[in-house]
>>> print(open('structure-v1.txt').read())   # compact mmCIF, C-alpha atoms
# COMPACT_ATOMS: atom_id res chain seq x y z
CA MET L 1 -15.95 -7.87 -8.41
CA LYS L 2 -16.81 -10.84 -6.21
CA ARG L 3 -18.62 -10.09 -3.00
CA ARG L 4 -16.07 -11.92 -0.92
CA GLU L 5 -12.42 -11.24 -1.81
CA PHE L 6 -10.02 -14.13 -1.19
CA ILE L 7 -6.63 -13.26 0.24
CA THR L 8 -3.78 -15.43 1.42
CA LEU L 9 -3.39 -14.77 5.10
CA LEU L 10 -0.26 -14.70 7.23
CA GLY L 11 2.48 -17.28 6.95
CA GLY L 12 1.30 -18.67 3.65
CA ALA L 13 -0.84 -21.26 5.39
CA ALA L 14 -4.36 -21.94 4.18
CA THR L 15 -6.71 -20.22 6.61
CA ALA L 16 -10.50 -20.15 6.69
CA TRP L 17 -12.12 -16.80 5.98
CA PRO L 18 -13.20 -14.97 9.14
CA LEU L 19 -16.63 -14.82 7.47
CA ALA L 20 -17.12 -18.50 8.31
CA ALA L 21 -16.80 -17.69 11.99
CA SER L 22 -19.20 -14.77 11.68
CA THR L 23 -21.75 -17.02 9.95
CA GLN L 24 -21.59 -19.53 12.79
CA GLN L 25 -21.72 -16.82 15.46
CA PRO L 26 -24.07 -14.09 14.20
CA ALA L 27 -23.79 -12.10 17.44
CA MET L 28 -20.04 -11.67 16.95
CA PRO L 29 -19.14 -8.07 16.03
CA MET L 30 -17.56 -7.67 12.61
CA ILE L 31 -14.77 -5.31 11.58
CA GLY L 32 -14.44 -4.19 7.99
CA TYR L 33 -10.74 -3.92 7.15
CA VAL L 34 -10.27 -2.09 3.83
CA ARG L 35 -7.13 -1.35 1.87
CA SER L 36 -6.68 0.56 -1.38
CA GLU L 37 -3.71 -1.58 -2.40
CA SER L 38 -3.16 -5.35 -2.35
CA PHE L 39 -2.61 -7.51 0.71
CA ASP L 40 1.10 -8.03 0.03
CA ASP L 41 3.77 -9.03 2.55
CA THR L 42 4.02 -5.51 3.96
CA ALA L 43 0.26 -5.27 4.36
CA GLN L 44 0.30 -8.60 6.19
CA ARG L 45 2.68 -7.11 8.75
CA MET L 46 0.20 -4.30 9.28
CA ILE L 47 -2.50 -6.91 9.87
CA VAL L 48 -0.27 -8.59 12.48
CA GLY L 49 0.11 -5.24 14.26
CA PHE L 50 -3.65 -4.64 14.05
CA ARG L 51 -4.43 -8.04 15.55
CA GLU L 52 -1.94 -7.36 18.38
CA GLY L 53 -3.75 -4.13 19.18
CA LEU L 54 -7.11 -5.89 19.13
CA LYS L 55 -5.74 -8.51 21.49
CA GLU L 56 -4.51 -5.81 23.87
CA ALA L 57 -8.07 -4.46 23.88
CA GLY L 58 -9.47 -7.93 24.65
CA TYR L 59 -10.52 -9.07 21.16
CA ILE L 60 -9.24 -12.13 19.30
CA GLU L 61 -10.29 -12.82 15.73
CA GLY L 62 -12.48 -15.90 15.46
CA GLN L 63 -13.23 -15.94 19.19
CA ASN L 64 -15.08 -12.76 19.98
CA VAL L 65 -14.66 -10.68 16.82
CA ALA L 66 -14.67 -11.29 13.06
CA ILE L 67 -12.76 -9.37 10.40
CA GLU L 68 -13.95 -8.95 6.81
CA PHE L 69 -10.97 -8.06 4.57
CA ARG L 70 -11.41 -6.08 1.36
CA THR L 71 -8.93 -4.66 -1.16
CA ALA L 72 -9.38 -2.37 -4.16
CA GLU L 73 -6.15 -3.78 -5.69
CA GLY L 74 -4.94 -0.28 -6.52
CA ARG L 75 -8.17 0.81 -8.24
CA LEU L 76 -9.52 3.68 -6.15
CA ASP L 77 -12.84 3.67 -8.01
CA ARG L 78 -13.57 0.27 -6.45
CA LEU L 79 -13.44 1.60 -2.88
CA PRO L 80 -16.96 3.15 -2.63
CA PRO L 81 -18.81 -0.09 -3.55
CA LEU L 82 -16.50 -2.11 -1.30
CA VAL L 83 -17.30 0.16 1.62
CA ALA L 84 -21.02 0.25 0.81
CA ASP L 85 -21.10 -3.54 0.88
CA LEU L 86 -19.44 -3.60 4.30
CA VAL L 87 -21.92 -1.04 5.64
CA ALA L 88 -24.74 -3.27 4.39
CA HIS L 89 -23.37 -6.34 6.24
CA PRO L 90 -23.43 -4.48 8.68
CA VAL L 91 -19.97 -4.05 10.20
CA ALA L 92 -19.45 -2.45 13.61
CA VAL L 93 -16.41 -0.43 12.53
CA ILE L 94 -14.37 0.19 9.37
CA VAL L 95 -10.57 0.32 9.47
CA GLY L 96 -8.49 1.43 6.50
CA ASN L 97 -5.61 3.35 4.99
CA VAL L 98 -6.43 6.91 4.03
CA PRO L 99 -7.95 6.32 0.55
CA ALA L 100 -10.21 3.68 2.08
CA ALA L 101 -11.09 5.92 5.04
CA LYS L 102 -11.95 8.85 2.78
CA ALA L 103 -14.17 6.59 0.68
CA ALA L 104 -15.84 5.27 3.83
CA LYS L 105 -16.47 8.79 5.13
CA ALA L 106 -18.25 9.62 1.87
CA VAL L 107 -20.44 6.51 2.17
CA THR L 108 -21.46 6.55 5.85
CA ALA L 109 -21.84 9.13 8.58
CA THR L 110 -22.82 6.58 11.22
CA VAL L 111 -20.48 3.57 11.09
CA PRO L 112 -17.28 4.36 13.06
CA ILE L 113 -14.19 4.73 10.84
CA ILE L 114 -10.56 4.40 11.93
CA PHE L 115 -7.79 5.52 9.59
CA VAL L 116 -4.04 4.94 9.59
CA TYR L 117 -2.48 7.88 7.83
CA GLY L 118 0.92 9.34 6.99
CA GLY L 119 -0.24 12.93 6.72
CA ASP L 120 -2.27 15.64 8.44
CA PRO L 121 -5.88 14.42 8.82
CA VAL L 122 -7.13 17.89 9.83
CA LYS L 123 -5.66 19.67 6.83
CA ASP L 124 -6.94 16.91 4.53
CA GLY L 125 -10.47 17.03 5.88
CA LEU L 126 -10.77 13.68 7.65
CA VAL L 127 -11.37 15.15 11.12
CA ALA L 128 -12.21 18.54 12.63
CA SER L 129 -9.24 18.55 15.01
CA PHE L 130 -6.67 16.20 16.52
CA ASN L 131 -8.10 16.38 20.05
CA ARG L 132 -11.81 16.46 19.15
CA PRO L 133 -12.20 14.67 15.81
CA GLY L 134 -15.98 15.05 15.71
CA GLY L 135 -18.25 12.94 13.53
CA ASN L 136 -17.66 9.21 13.02
CA VAL L 137 -13.95 9.29 12.10
CA THR L 138 -10.73 9.09 14.12
CA GLY L 139 -7.48 7.19 13.79
CA VAL L 140 -3.71 7.13 13.88
CA THR L 141 -1.30 9.39 12.04
CA PHE L 142 2.39 8.63 11.70
CA LEU L 143 3.21 11.81 9.76
CA GLY L 144 5.30 9.71 7.39
CA GLY L 145 5.19 12.27 4.61
CA LEU L 146 6.42 15.08 6.84
CA VAL L 147 9.87 13.87 7.95
CA GLY L 148 11.45 14.51 4.56
CA GLY L 149 14.01 16.96 5.87
CA ARG L 150 15.50 14.37 8.19
CA ARG L 151 15.49 11.72 5.47
CA VAL L 152 17.27 14.01 3.02
CA GLN L 153 19.91 14.93 5.59
CA LEU L 154 20.58 11.30 6.55
CA LEU L 155 20.93 10.35 2.88
CA HIS L 156 23.33 13.24 2.32
CA ASP L 157 25.37 12.05 5.31
CA LEU L 158 25.68 8.67 3.58
CA VAL L 159 26.34 10.14 0.12
CA PRO L 160 28.03 13.52 0.74
CA GLN L 161 29.31 13.65 -2.83
CA ALA L 162 25.79 13.54 -4.28
CA GLY L 163 24.86 16.08 -6.93
CA ALA L 164 21.18 16.19 -7.85
CA ILE L 165 18.81 14.18 -5.65
CA ALA L 166 15.92 12.37 -7.32
CA LEU L 167 12.48 12.55 -5.69
CA LEU L 168 9.94 9.82 -6.55
CA ILE L 169 6.43 11.00 -5.65
CA ASP L 170 3.01 9.31 -5.86
CA ALA L 171 0.88 11.52 -8.10
CA ASN L 172 -2.35 10.28 -6.49
CA ASN L 173 -1.43 10.47 -2.80
CA ILE L 174 -3.20 13.32 -1.01
CA THR L 175 -0.12 14.00 1.16
CA SER L 176 2.18 14.37 -1.85
CA ALA L 177 2.02 18.16 -2.18
CA ALA L 178 3.08 18.74 1.44
CA GLU L 179 5.69 15.99 1.26
CA LEU L 180 7.20 17.31 -1.97
CA SER L 181 7.46 20.80 -0.53
CA ASP L 182 9.20 19.38 2.54
CA LEU L 183 11.62 17.29 0.46
CA GLU L 184 12.48 19.99 -2.06
CA GLY L 185 13.07 22.50 0.71
CA ALA L 186 15.47 20.09 2.42
CA VAL L 187 17.35 19.34 -0.82
CA HIS L 188 17.77 23.00 -1.66
CA ALA L 189 18.81 23.79 1.93
CA ILE L 190 21.92 21.64 1.49
CA GLY L 191 22.70 23.35 -1.81
CA LEU L 192 21.61 20.59 -4.20
CA ASN L 193 19.14 20.37 -7.08
CA SER L 194 16.20 17.99 -7.20
CA VAL L 195 14.87 15.86 -10.05
CA VAL L 196 11.16 15.32 -9.38
CA ARG L 197 9.00 12.67 -10.98
CA LYS L 198 5.36 12.09 -10.05
CA VAL L 199 4.06 8.65 -10.98
CA ALA L 200 0.73 6.85 -10.91
CA SER L 201 1.49 3.39 -12.35
CA GLU L 202 4.14 0.68 -12.50
CA LEU L 203 5.21 1.71 -16.00
CA GLU L 204 5.62 5.30 -14.87
CA ILE L 205 7.92 4.11 -12.08
CA ASP L 206 10.17 2.47 -14.69
CA ALA L 207 10.13 5.64 -16.81
CA ALA L 208 10.96 7.78 -13.77
CA PHE L 209 14.14 5.80 -13.10
CA ALA L 210 15.17 6.22 -16.74
CA THR L 211 14.77 9.97 -16.28
CA PHE L 212 16.80 9.95 -13.06
CA THR L 213 19.65 8.28 -14.92
CA GLN L 214 19.42 10.64 -17.89
CA GLN L 215 19.52 13.68 -15.62
CA ARG L 216 22.44 12.27 -13.63
CA ALA L 217 20.75 12.12 -10.25
CA SER L 218 23.15 10.53 -7.79
CA ALA L 219 20.78 9.69 -4.89
CA LEU L 220 17.07 9.07 -4.44
CA VAL L 221 14.35 9.76 -1.89
CA VAL L 222 11.17 7.71 -2.35
CA GLY L 223 7.99 9.37 -1.11
CA ASN L 224 5.60 7.94 1.43
CA SER L 225 2.69 6.19 -0.29
CA PRO L 226 0.52 3.05 -0.05
CA PHE L 227 1.14 2.60 -3.77
CA PHE L 228 4.91 2.64 -3.29
CA THR L 229 4.56 0.23 -0.37
CA SER L 230 2.83 -2.17 -2.77
CA GLN L 231 5.78 -1.78 -5.19
CA ILE L 232 8.63 -2.32 -2.71
CA LYS L 233 10.54 -4.99 -4.63
CA ARG L 234 10.20 -3.21 -7.98
CA ILE L 235 11.46 0.12 -6.62
CA VAL L 236 14.36 -1.40 -4.67
CA ALA L 237 15.40 -3.45 -7.72
CA LEU L 238 15.32 -0.37 -9.99
CA ALA L 239 17.40 1.60 -7.49
CA ALA L 240 19.98 -1.21 -7.50
CA GLN L 241 19.99 -1.50 -11.30
CA ASN L 242 20.62 2.23 -11.60
CA ALA L 243 23.17 2.30 -8.73
CA LEU L 244 21.12 4.92 -6.90
CA PRO L 245 21.62 5.13 -3.11
CA ALA L 246 18.05 5.52 -1.87
CA SER L 247 16.16 6.53 1.26
CA TYR L 248 12.71 5.13 2.03
CA GLN L 249 10.07 5.69 4.67
CA GLN L 250 9.24 2.10 5.65
CA ARG L 251 11.73 -0.36 7.09
CA GLU L 252 10.42 -3.06 4.75
CA PHE L 253 12.31 -1.37 1.89
CA ALA L 254 15.62 -1.74 3.73
CA GLU L 255 14.79 -5.33 4.61
CA VAL L 256 14.52 -6.31 0.93
CA GLY L 257 17.68 -4.49 -0.13
CA GLY L 258 17.05 -0.75 0.09
CA LEU L 259 19.97 1.28 1.41
CA MET L 260 18.19 2.95 4.32
CA SER L 261 14.80 3.77 5.78
CA TYR L 262 13.71 6.38 8.26
CA GLY L 263 10.18 6.80 9.50
CA SER L 264 7.47 5.57 11.80
CA SER L 265 6.76 1.90 12.36
CA LEU L 266 3.68 0.98 10.31
CA SER L 267 3.16 -2.15 12.38
CA ASP L 268 3.07 -0.05 15.55
CA ALA L 269 0.64 2.41 13.93
CA TYR L 270 -1.72 -0.44 13.05
CA ARG L 271 -1.33 -1.88 16.55
CA GLN L 272 -2.62 1.41 17.90
CA ALA L 273 -5.46 1.30 15.36
CA GLY L 274 -6.31 -2.14 16.77
CA THR L 275 -6.56 -0.78 20.32
CA TYR L 276 -8.79 2.06 19.12
CA THR L 277 -11.00 -0.45 17.32
CA GLY L 278 -11.32 -2.40 20.54
CA ARG L 279 -12.35 0.72 22.43
CA ILE L 280 -15.03 1.48 19.84
CA LEU L 281 -16.35 -2.08 20.04
CA LYS L 282 -16.68 -1.50 23.79
CA GLY L 283 -18.77 1.62 23.21
CA ALA L 284 -16.38 4.54 22.75
CA LYS L 285 -17.32 7.09 20.10
CA PRO L 286 -14.81 8.19 17.40
CA ALA L 287 -15.66 11.83 18.12
CA ASP L 288 -14.28 11.40 21.64
CA LEU L 289 -11.06 9.56 20.69
CA PRO L 290 -8.22 12.01 19.89
CA VAL L 291 -6.25 11.24 16.75
CA PHE L 292 -3.24 9.27 17.96
CA ARG L 293 0.12 10.63 16.76
CA THR L 294 2.86 8.01 16.75
CA THR L 295 6.23 9.02 18.13
CA LYS L 296 8.17 5.86 17.35
CA PHE L 297 10.65 6.57 14.54
CA GLU L 298 13.34 4.17 13.43
CA LEU L 299 16.44 4.30 11.24
CA VAL L 300 17.38 1.08 9.44
CA ILE L 301 20.58 0.75 7.36
CA ASN L 302 21.41 -2.12 5.01
CA LEU L 303 25.20 -2.60 5.10
CA LYS L 304 25.15 -5.20 2.31
CA THR L 305 23.55 -2.68 -0.02
CA ALA L 306 25.96 0.04 1.08
CA LYS L 307 28.88 -2.23 0.21
CA ALA L 308 27.39 -3.04 -3.20
CA LEU L 309 27.12 0.70 -3.87
CA GLY L 310 30.70 1.32 -2.72
CA LEU L 311 29.58 3.38 0.28
CA THR L 312 31.12 3.53 3.72
CA ILE L 313 28.63 4.36 6.44
CA PRO L 314 30.00 7.09 8.75
CA PRO L 315 30.32 5.97 12.39
CA ASN L 316 28.05 8.78 13.60
CA VAL L 317 25.25 7.58 11.30
CA LEU L 318 25.74 3.94 12.34
CA ALA L 319 25.45 5.04 15.95
CA LEU L 320 22.03 6.52 15.20
CA ALA L 321 20.68 3.36 13.56
CA ASP L 322 17.98 1.41 15.38
CA GLU L 323 18.88 -1.61 13.24
CA VAL L 324 21.77 -2.49 10.93
CA ILE L 325 21.14 -5.22 8.37
CA GLU L 326 24.31 -7.13 7.50
>>> encode(input="structure-v1.txt", output="structure tokens")
Amino acid sequence: MKRREFITLLGGAATAWPLAASTQQPAMPMIGYVRSESFDDTAQRMIVGFREGLKEAGYIEGQNVAIEFRTAEGRLDRLPPLVADLVAHPVAVIVGNVPAAKAAKAVTATVPIIFVYGGDPVKDGLVASFNRPGGNVTGVTFLGGLVGGRRVQLLHDLVPQAGAIALLIDANNITSAAELSDLEGAVHAIGLNSVVRKVASELEIDAAFATFTQQRASALVVGNSPFFTSQIKRIVALAAQNALPASYQQREFAEVGGLMSYGSSLSDAYRQAGTYTGRILKGAKPADLPVFRTTKFELVINLKTAKALGLTIPPNVLALADEVIE
């Protein structure tokens, strides 16, 4: 792959690579920002949140800090060389989603690494503990894969007549096993059956929806996953085509036509990652920064989609919503 990846930055406007600024100002610290998936619209929102956090910490891109962006475009095998190249620059800190952070941890034990993660970083081996991470890794966890019970219950409140509930799971996500256990337990607790499909590609997503229809699933919960975040429009469109009321983790799904979302704010999680990055640039050590656990959860309901599906949202559920899209 090319040494410098080109991405279209926020707002669609042509923007000079931060590398130009770093070339002109060699003393400026550089951040390596790595993502396993593409820099799509949702990822751009995360970047906005990250820049806000940096600003809160006193750093503004192009003025006193540079950011080198890299993406593996969904190919996890590309992450190690991407990270190795950033380490060779050298960068002062590496920020990434969990596949990128795990790859970075395998490459370097000295460059600080900050992750943003929807699972348990202790159980998955990223840090020694939440309060004392140890080593060169710390970050933010939004526990997105572990609120499945609440998501299932909210979906059942919207679709009380549902029979089997479909569960779409990312086969490659390291949080998937815990998330699936959480979701299946919640489905069975309300007396329903689940139809589980684990997928690892776009074509497998299409095939999964065909299976959901064949097995007469009447509602859908989509798992938490960077891969699914990169496939927002495809998944929402397939749910609409198959008339499946669906629950998602990120609000961006509801904003493009998904029925409902419940989970942590990714933008807020990346904002916190930005403040942690600023603290490290000022001399803090990852080992001394406790893993930050986000507590901001939001329920978003799309009334237009509910109407298209013939659903009436119960008043008690509407009252819980942080945002209603009309």
>>> closest_residue(input="structure-v1.txt", among="L:Leu266, L:Leu126, L:Val195, L:Ala101", to="Glu252 of chain L", atoms="only C-alpha atoms")
L:Leu266
>>> atom_distance(input="structure-v1.txt", atom1="atom CA of Thr295 of chain L", atom2="atom CA of Val98 of chain L")
19.1 Å
>>> closest_residue(input="structure-v1.txt", among="L:Gln44, L:Arg70, L:Gln153, L:Pro133", to="Pro286 of chain L", atoms="only C-alpha atoms")
L:Pro133
>>> atom_distance(input="structure-v1.txt", atom1="atom CA of Gly53 of chain L", atom2="atom CA of Ala273 of chain L")
6.9 Å
>>> atom_distance(input="structure-v1.txt", atom1="atom CA of Arg132 of chain L", atom2="atom CA of Gly32 of chain L")
23.6 Å
>>> residues_around(input="structure-v1.txt", residues="Val300 of chain L", least_positions_apart="2", cutoff="9 Å", atoms="all atoms listed in the file", output="PyMOL selection string")
chain L and resi 251+254-255+259-262+298+302+321-325
>>> residues_around(input="structure-v1.txt", residues="Val152 of chain L", least_positions_apart="4", cutoff="9 Å", atoms="all atoms listed in the file", output="count of residues only")
11
